[in-house]
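Have a look at the structure below before the remarks.
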Amino acid sequence: MQSVWMDAAVVGRARRLAIGAVILAALALAPQASAQPRSAAVDAWRQAATSPSALSHALAAHHTKLGPDFRARLRYAHADGTLRVMVTTRARTAATERLARSSTTWLQWYGKLPAFYAAVTPSQLVALLRSRAVRLVEADYRVSYSLSISARDIGARGRDEVAAGTPTGDVTVSSATPTASWQGDAPATLVDAANILVDAAGLKRVCVAPICDSVSLAVADRGDLTINATGTETDWVDLEVIAPDGTVSFRFGDSTAPLTIKDANPGAYTVNAWVNTIAVLDTGHYTATATLGSAGAAPPAVWRLDRTAGALGALASADPGLTADEATGKGVTVANIDSGIDKTHPDFGGFSCQPGVLTPCESRIKKAITIDEIFDAG
């Protein structure tokens with residue numbers, strides 16, 4: 001008989017994955033709880049877009065002005081009943097600016113460009129779509145932080161500039177008091193198993209007491225932040241840390257390595273913990289420790305994000321030898337090698353047209369190169 005050996009962590013994760021699948025299936029069949037405010041806003045937008053209404057008529061009549069996934073992105077409507085949209089106009093005139101002000105709840109123009117970012121209600125969106133001054137309306141959507149992380153990895157993005165202040169929390173770490181500890185109970189066998197599937201699907205984890213324990217950690221100074229949590233000898237602790245800018249770091253409980261955030265900004269962090277145990281047999285008790293190391297030298301970079309410059313922040317130079325415009329790449333010609341683009345987009349379309357007296361080519365794409373041309377060129 002041939003013996004088979006598997007790592008305990010692999011077996012444990014597989015078992016948790018199976019349990020998680022069962023739990024998610026049960027949740028899908030269970031009656032849904034009452035809608036939260038954001039869910040109610042999403043439902044209102046979807047109903048207005050599908051039932052006979054001014055919005056559904058405008059979406060159908062002006063579908064050429066909409067992004068390809070506009071209807072699907074209605075799920076990103078905010079709890080206040082508005083939808084965030086990016087709008088491109090034919091020209092930025094006084095009349096266009098008046099239209100933007102009267103047809104939005106909030107807006108921000110993209111510099112001097114004929115485009116703006118705004119929050120709109122269904123009736124305001126109808127007004128924008130009906131206007132001849134509007135070329136394109138694209139619903140905003142959630143993005144991951146991969147660009148932010150990758151930019152730092154290649155040394156392009158430097159440290160963010162954050163507003164000075166004294167953050168508050170349940171526990172605090174600082175350069176003067178670099179270590180803080182706390183403890184709690186979070187018996188979460190079922191949710192702990194489901195975290196594997198949630199992580200694979202890219203969804204947001206839900207932390208609800210008593211199966212999850214949430215602690216506010218105040219980081220007073222910049223530095224390398226290290227957090228670790230342990231249960232009993234056999235209990236695993238899933239650990240999630242949410243930074244002030246929304247960036248999420250996660251560690252599965254089958255790992256004993258601490259969770260480290262390099263060059264952490266000062267601010268209030270949320271630390272969520274789930275203990276892999278059974279509530280009727282164990283309280284799911286855990287202990288956690290946070291340690292703030294000294295801040296290393298500022299990494300070499302080209303640009304940084306100044307979070308003190310208004311609600312959206314502003315790009316700034318991270319190199320004394322560069323101006324802000326040079327550091328952000330303004331005026332630089334960029335060559336993009338990609339698997340493809342949406343050539344129907346107003347900014348990209350028409351790159352293969354032949355310019356004429358009455359048919360100018362307005363595309364920002366200067367030249368299109370196919371894969372075959374690249375290979376033929378060696």
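Identifiers for the structure tokens are assigned positionally: chains receive A, B, ... in sequence, residues are indexed from 1 per chain, and ligands are indexed from 1 in the order shown.
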* Neighbour list for stretch 249-266 of chain A as a ChimeraX atom specification, cut-off 6 Å, only C-alpha atoms, skip fewer than 3 positions in-chain -> /A:9,219-228,236-241
Take the selection from the previous step and output its residues with all heavy atoms, as a tab-separated table (two decimals), in the first residue's frame.
```tsv
chain	number	residue	atom	x	y	z
A	9	ALA	N	-1.52	22.18	6.96
A	9	ALA	CA	-2.14	23.44	6.56
A	9	ALA	C	-2.95	23.27	5.29
A	9	ALA	O	-4.04	23.84	5.13
A	9	ALA	CB	-1.06	24.51	6.36
A	219	VAL	N	-2.39	54.75	14.83
A	219	VAL	CA	-0.95	54.80	14.53
A	219	VAL	C	-0.56	56.27	14.50
A	219	VAL	O	-0.99	57.02	13.62
A	219	VAL	CB	-0.63	54.11	13.20
A	219	VAL	CG1	0.86	54.22	12.89
A	219	VAL	CG2	-1.06	52.65	13.25
A	220	ALA	N	0.23	56.70	15.49
A	220	ALA	CA	0.52	58.12	15.65
A	220	ALA	C	1.66	58.62	14.77
A	220	ALA	O	1.71	59.80	14.43
A	220	ALA	CB	0.83	58.42	17.11
A	221	ASP	N	2.58	57.73	14.39
A	221	ASP	CA	3.75	58.14	13.61
A	221	ASP	C	3.95	57.20	12.43
A	221	ASP	O	3.44	56.08	12.42
A	221	ASP	CB	5.01	58.15	14.50
A	221	ASP	CG	4.86	59.08	15.68
A	221	ASP	OD1	4.73	60.30	15.47
A	221	ASP	OD2	4.87	58.58	16.83
A	222	ARG	N	4.71	57.64	11.45
A	222	ARG	CA	5.01	56.81	10.29
A	222	ARG	C	6.04	55.74	10.66
A	222	ARG	O	6.96	56.00	11.43
A	222	ARG	CB	5.55	57.66	9.14
A	222	ARG	CG	5.81	56.88	7.87
A	222	ARG	CD	6.50	57.74	6.84
A	222	ARG	NE	5.68	58.86	6.44
A	222	ARG	CZ	4.74	58.81	5.49
A	222	ARG	NH1	4.51	57.68	4.87
A	222	ARG	NH2	4.03	59.88	5.18
A	223	GLY	N	5.88	54.55	10.10
A	223	GLY	CA	6.83	53.48	10.36
A	223	GLY	C	6.33	52.16	9.84
A	223	GLY	O	5.23	52.08	9.28
A	224	ASP	N	7.11	51.12	9.99
A	224	ASP	CA	6.70	49.78	9.59
A	224	ASP	C	5.79	49.20	10.68
A	224	ASP	O	6.22	49.03	11.83
A	224	ASP	CB	7.91	48.87	9.38
A	224	ASP	CG	8.72	49.27	8.15
A	224	ASP	OD1	8.22	50.10	7.37
A	224	ASP	OD2	9.85	48.76	8.00
A	225	LEU	N	4.54	48.88	10.32
A	225	LEU	CA	3.56	48.39	11.28
A	225	LEU	C	3.45	46.87	11.17
A	225	LEU	O	3.18	46.33	10.10
A	225	LEU	CB	2.20	49.04	11.01
A	225	LEU	CG	1.03	48.61	11.91
A	225	LEU	CD1	1.31	49.00	13.36
A	225	LEU	CD2	-0.27	49.24	11.42
A	226	THR	N	3.66	46.17	12.29
A	226	THR	CA	3.58	44.71	12.34
A	226	THR	C	2.49	44.30	13.33
A	226	THR	O	2.49	44.76	14.47
A	226	THR	CB	4.92	44.10	12.77
A	226	THR	OG1	5.94	44.49	11.84
A	226	THR	CG2	4.83	42.59	12.79
A	227	ILE	N	1.57	43.44	12.87
A	227	ILE	CA	0.46	43.00	13.71
A	227	ILE	C	0.39	41.47	13.68
A	227	ILE	O	0.49	40.87	12.62
A	227	ILE	CB	-0.88	43.59	13.22
A	227	ILE	CG1	-0.82	45.11	13.21
A	227	ILE	CG2	-2.04	43.11	14.10
A	227	ILE	CD1	-2.04	45.76	12.61
A	228	ASN	N	0.22	40.88	14.85
A	228	ASN	CA	0.09	39.43	14.92
A	228	ASN	C	-1.01	39.08	15.91
A	228	ASN	O	-1.26	39.82	16.87
A	228	ASN	CB	1.40	38.77	15.33
A	228	ASN	CG	1.45	37.31	14.92
A	228	ASN	OD1	0.54	36.81	14.25
A	228	ASN	ND2	2.50	36.61	15.31
A	236	TRP	N	-6.72	28.72	14.73
A	236	TRP	CA	-6.14	29.66	13.78
A	236	TRP	C	-6.87	30.99	13.89
A	236	TRP	O	-8.06	31.03	14.20
A	236	TRP	CB	-6.27	29.14	12.35
A	236	TRP	CG	-5.47	27.90	12.08
A	236	TRP	CD1	-4.39	27.46	12.78
A	236	TRP	CD2	-5.70	26.96	11.04
A	236	TRP	NE1	-3.91	26.29	12.25
A	236	TRP	CE2	-4.70	25.95	11.15
A	236	TRP	CE3	-6.62	26.85	10.01
A	236	TRP	CZ2	-4.62	24.87	10.30
A	236	TRP	CZ3	-6.54	25.77	9.16
A	236	TRP	CH2	-5.55	24.80	9.29
A	237	VAL	N	-6.18	32.08	13.58
A	237	VAL	CA	-6.80	33.40	13.63
A	237	VAL	C	-6.60	34.10	12.29
A	237	VAL	O	-5.47	34.40	11.90
A	237	VAL	CB	-6.19	34.27	14.76
A	237	VAL	CG1	-6.90	35.63	14.80
A	237	VAL	CG2	-6.30	33.57	16.10
A	238	ASP	N	-7.72	34.30	11.58
A	238	ASP	CA	-7.67	35.11	10.35
A	238	ASP	C	-7.58	36.57	10.76
A	238	ASP	O	-8.31	37.02	11.66
A	238	ASP	CB	-8.93	34.90	9.51
A	238	ASP	CG	-8.90	33.57	8.75
A	238	ASP	OD1	-7.92	32.83	8.92
A	238	ASP	OD2	-9.84	33.31	8.00
A	239	LEU	N	-6.72	37.31	10.11
A	239	LEU	CA	-6.45	38.69	10.50
A	239	LEU	C	-6.59	39.61	9.30
A	239	LEU	O	-6.01	39.36	8.24
A	239	LEU	CB	-5.04	38.79	11.09
A	239	LEU	CG	-4.64	40.03	11.87
A	239	LEU	CD1	-5.55	40.21	13.07
A	239	LEU	CD2	-3.19	39.93	12.30
A	240	GLU	N	-7.36	40.67	9.47
A	240	GLU	CA	-7.56	41.66	8.40
A	240	GLU	C	-7.26	43.05	8.95
A	240	GLU	O	-7.73	43.42	10.03
A	240	GLU	CB	-9.00	41.61	7.90
A	240	GLU	CG	-9.32	42.64	6.83
A	240	GLU	CD	-10.78	42.60	6.40
A	240	GLU	OE1	-11.65	42.84	7.28
A	240	GLU	OE2	-11.06	42.35	5.22
A	241	VAL	N	-6.49	43.84	8.19
A	241	VAL	CA	-6.16	45.21	8.59
A	241	VAL	C	-6.59	46.14	7.47
A	241	VAL	O	-6.18	45.98	6.31
A	241	VAL	CB	-4.65	45.36	8.88
A	241	VAL	CG1	-4.34	46.80	9.27
A	241	VAL	CG2	-4.22	44.41	9.98
```
* To do: Write out as a list in words the residues lying within 10 Å of stretch 182-185 of chain A, counting only C-alpha atoms and excluding same-chain residues fewer than 5 positions away.
  => Asp170, Val171, Ala209, Pro210, Ile211, Cys212, Asp213, Ser214, Val215, Ala229, Thr230, Gly231, Ala273, Trp274, Val275, Ala279, Asp282, Thr283, Gly284, His285, Tyr286, Thr287, Ala288, Thr289 and Ala290 of chain A
* Could you tell me how far atom CA of A:Lys204 lies from atom CA of A:Leu315, in Å and to one decimal? =>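 Distance between the two atoms: 28.1 Å.
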* Selection near A:Leu217, 7 Å with only C-alpha atoms, sequence-local residues under 3 positions removed, as a list in words ->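 Counting only the stated atoms, we get Gly169, Asp170, Val171, Thr172, Ala268, Tyr269, Thr270 and Val271 of chain A.
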* **Expected answer as number ranges by chain: strand (DSSP E) residues in stretch 98-321 of chain A** => A: 106-109, 115-120, 134-139, 171-173, 179-185, 213-219, 223-230, 237-242, 248-251, 259-264, 267-275, 285-292, 303-306, 314-317
* To do: Choose the residue, out of A:Asn276, A:Thr232, A:Cys207, A:Arg130, that has the smallest atom-to-atom separation from A:His63; count only C-alpha atoms.
  =>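 Closest to A:His63, using only C-alpha atoms: A:Arg130.
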* What gap, in Å, lies between atom CA of A:Lys112 and atom CA of A:Pro68? -> 26.1 Å
* Asked: So how far away is atom CA of A:Val85 from atom CA of A:Val120, in Å?
  -> 7.3 Å
